[in-house]
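Peer 1: Questions regarding the structure given below will be posed in turn.
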Amino acid sequence: MSGPMIMEHASVTVTDLDRSLRFYIEAFGFELLRRGGHTAYLHHGDELLELLEREGEAGFERPVDKDGWWRLVTHRLGITHLGFRVDDFDSTLASIQEHGGELVVPPFEYVPEIEDEGPAETEKLRRALRPPAGVAWRLAVIADPDGTLLEILER
């Protein structure tokens, strides 16, 4: 491969584009970058999220607790959720719920059992490494208005 590569965007299929635009803009602070007939691109800084309005039928399996959450993400192939790191976990979670997000897995603390493999040259990478001793990450899972699972984490 020649040249740098970045993950350009994530895409979520939704049942009602207008409703989902309101949700992601109001609950997460995304801004509308462009909109077509059945598509929209949102951005939050340099992070891009594409919303596609569905044309067929689709559904989602929904966990009800952290064990169910773990089974869901480890027993399915493909993309299982979107993860959003936040600095103010409690107020972000409250805001998301106020704007139509449904709490699927209540907040819990998590200390990953992982080995750090590579250098962490940016703040984003440093936060993705193992937390310092005695510190846990806080996680919760929210469903957007269509049931797409959104992991909210503070680390």
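Naming works like this for the structure tokens: A, B, ... for the chains as they're shown, residue 1 at the start of each chain, ligands 1 onward in shown order.
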Extract, using only C-alpha atoms, all DNA, RNA and protein residues at most 12 Å from Ile25 (chain A), discarding same-chain residues fewer than 3 positions from it, and format them as a ChimeraX atom specification.
Peer 2: /A:17-22,28-33,40-44,49,51,95-96,99-100
Peer 1: Show me, as number ranges by chain, the residues that have an atom within 9 Å of region 65-71 of chain A when counting only C-alpha atoms, minus same-chain residues fewer than 5 positions from it.
Peer 2: A: 76, 104-108, 140-141
Peer 1: If you keep N, CA and C atoms, can you produce a file of those selected residues as a JSON list (two decimals), in the first residue's frame?
Peer 2:
[["chain", "number", "residue", "atom", "x", "y", "z"],
["A", 76, "ARG", "N", -21.50, -12.65, 16.71],
["A", 76, "ARG", "CA", -21.97, -12.20, 15.40],
["A", 76, "ARG", "C", -20.79, -11.77, 14.57],
["A", 104, "VAL", "N", -29.92, 0.35, 26.95],
["A", 104, "VAL", "CA", -30.05, -1.08, 26.72],
["A", 104, "VAL", "C", -29.25, -1.85, 27.77],
["A", 105, "VAL", "N", -28.03, -1.43, 28.00],
["A", 105, "VAL", "CA", -27.19, -2.02, 29.04],
["A", 105, "VAL", "C", -26.80, -0.90, 29.98],
["A", 106, "PRO", "N", -27.25, -0.96, 31.25],
["A", 106, "PRO", "CA", -26.94, 0.11, 32.20],
["A", 106, "PRO", "C", -25.43, 0.26, 32.40],
["A", 107, "PRO", "N", -25.00, 1.42, 32.89],
["A", 107, "PRO", "CA", -23.58, 1.67, 33.09],
["A", 107, "PRO", "C", -22.92, 0.58, 33.97],
["A", 108, "PHE", "N", -21.71, 0.22, 33.58],
["A", 108, "PHE", "CA", -20.92, -0.72, 34.37],
["A", 108, "PHE", "C", -19.45, -0.36, 34.20],
["A", 140, "ALA", "N", -21.70, 1.97, 28.87],
["A", 140, "ALA", "CA", -23.15, 1.74, 28.80],
["A", 140, "ALA", "C", -23.47, 1.53, 27.33],
["A", 141, "VAL", "N", -24.58, 0.89, 27.06],
["A", 141, "VAL", "CA", -25.00, 0.68, 25.68],
["A", 141, "VAL", "C", -26.38, 1.31, 25.50]]
Peer 1: Please provide as a PyMOL selection string all residues within 7 Å of Glu109 (chain A), with the sequence filter that same-chain residues fewer than 6 positions apart are discarded (counting only C-alpha atoms).
Peer 2: chain A and resi 136-139
Peer 1: Based on DSSP run over this structure's backbone, return all residues of region 4-89 of chain A in strand (DSSP E or B), as a list in words.
Peer 2: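 Everything in region 4-89 of chain A that counts as strand (DSSP E or B) is Ala10, Ser11, Val12, Thr13, Val14, Glu31, Leu32, Leu33, Arg34, Arg35, Thr39, Ala40, Tyr41, Leu42, His43, His44, Glu47, Leu48, Leu49, Glu50, Leu51, Leu52, Glu53, Leu82, Gly83, Phe84 and Arg85 of chain A.
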Peer 1: Could you turn the residues from that selection into a file that holds C-alpha atoms, as a PDB file, in the first residue's frame?
Peer 2:
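Result file follows (selection_28.pdb):
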ATOM      1  CA  ALA A  10     -19.017   4.581   9.452  1.00  0.00           C
ATOM      2  CA  SER A  11     -22.459   4.062   7.936  1.00  0.00           C
ATOM      3  CA  VAL A  12     -25.760   3.333   9.680  1.00  0.00           C
ATOM      4  CA  THR A  13     -28.968   2.314   7.917  1.00  0.00           C
ATOM      5  CA  VAL A  14     -32.037   3.980   9.449  1.00  0.00           C
ATOM      6  CA  GLU A  31     -23.265  18.591  12.295  1.00  0.00           C
ATOM      7  CA  LEU A  32     -24.827  18.000   8.894  1.00  0.00           C
ATOM      8  CA  LEU A  33     -22.164  18.039   6.182  1.00  0.00           C
ATOM      9  CA  ARG A  34     -24.312  17.091   3.177  1.00  0.00           C
ATOM     10  CA  ARG A  35     -27.630  15.486   2.407  1.00  0.00           C
ATOM     11  CA  THR A  39     -28.467   9.742   2.513  1.00  0.00           C
ATOM     12  CA  ALA A  40     -26.795  12.207   4.824  1.00  0.00           C
ATOM     13  CA  TYR A  41     -23.228  12.761   5.969  1.00  0.00           C
ATOM     14  CA  LEU A  42     -22.663  14.093   9.466  1.00  0.00           C
ATOM     15  CA  HIS A  43     -19.412  15.128  11.064  1.00  0.00           C
ATOM     16  CA  HIS A  44     -18.122  15.688  14.568  1.00  0.00           C
ATOM     17  CA  GLU A  47     -15.191  11.964  12.434  1.00  0.00           C
ATOM     18  CA  LEU A  48     -17.738  11.147   9.702  1.00  0.00           C
ATOM     19  CA  LEU A  49     -21.029   9.270  10.044  1.00  0.00           C
ATOM     20  CA  GLU A  50     -23.169   8.375   7.039  1.00  0.00           C
ATOM     21  CA  LEU A  51     -26.894   7.750   7.499  1.00  0.00           C
ATOM     22  CA  LEU A  52     -28.700   5.724   4.815  1.00  0.00           C
ATOM     23  CA  GLU A  53     -32.491   5.498   4.772  1.00  0.00           C
ATOM     24  CA  LEU A  82     -20.507   2.110  17.165  1.00  0.00           C
ATOM     25  CA  GLY A  83     -18.380   3.225  20.100  1.00  0.00           C
ATOM     26  CA  PHE A  84     -18.279   6.825  21.294  1.00  0.00           C
ATOM     27  CA  ARG A  85     -15.686   7.924  23.851  1.00  0.00           C
TER      28      ARG A  85
END
Peer 1: Do you have the CA of Ala94 (chain A)-CA of Val135 (chain A) distance handy?
Peer 2: 22.7 Å
Peer 1: Between CA of Thr122 (chain A) and CA of Met7 (chain A), what is the distance, to one decimal in Å?
Peer 2: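 It comes out at 15.8 Å.
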Peer 1: When you count only C-alpha atoms, which of these residues is closest to Ser91 (chain A): A:Val73, A:Leu149, A:Ala27, A:Val111?
Peer 2: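 The shortest atom-to-atom distance to Ser91 (chain A) comes from A:Ala27.
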Peer 1: If I take CA of Thr148 (chain A) and CA of Glu55 (chain A), how far is one from the other in Å, to one decimal?
Peer 2: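 That distance, rounded to one decimal, is 16.4 Å.
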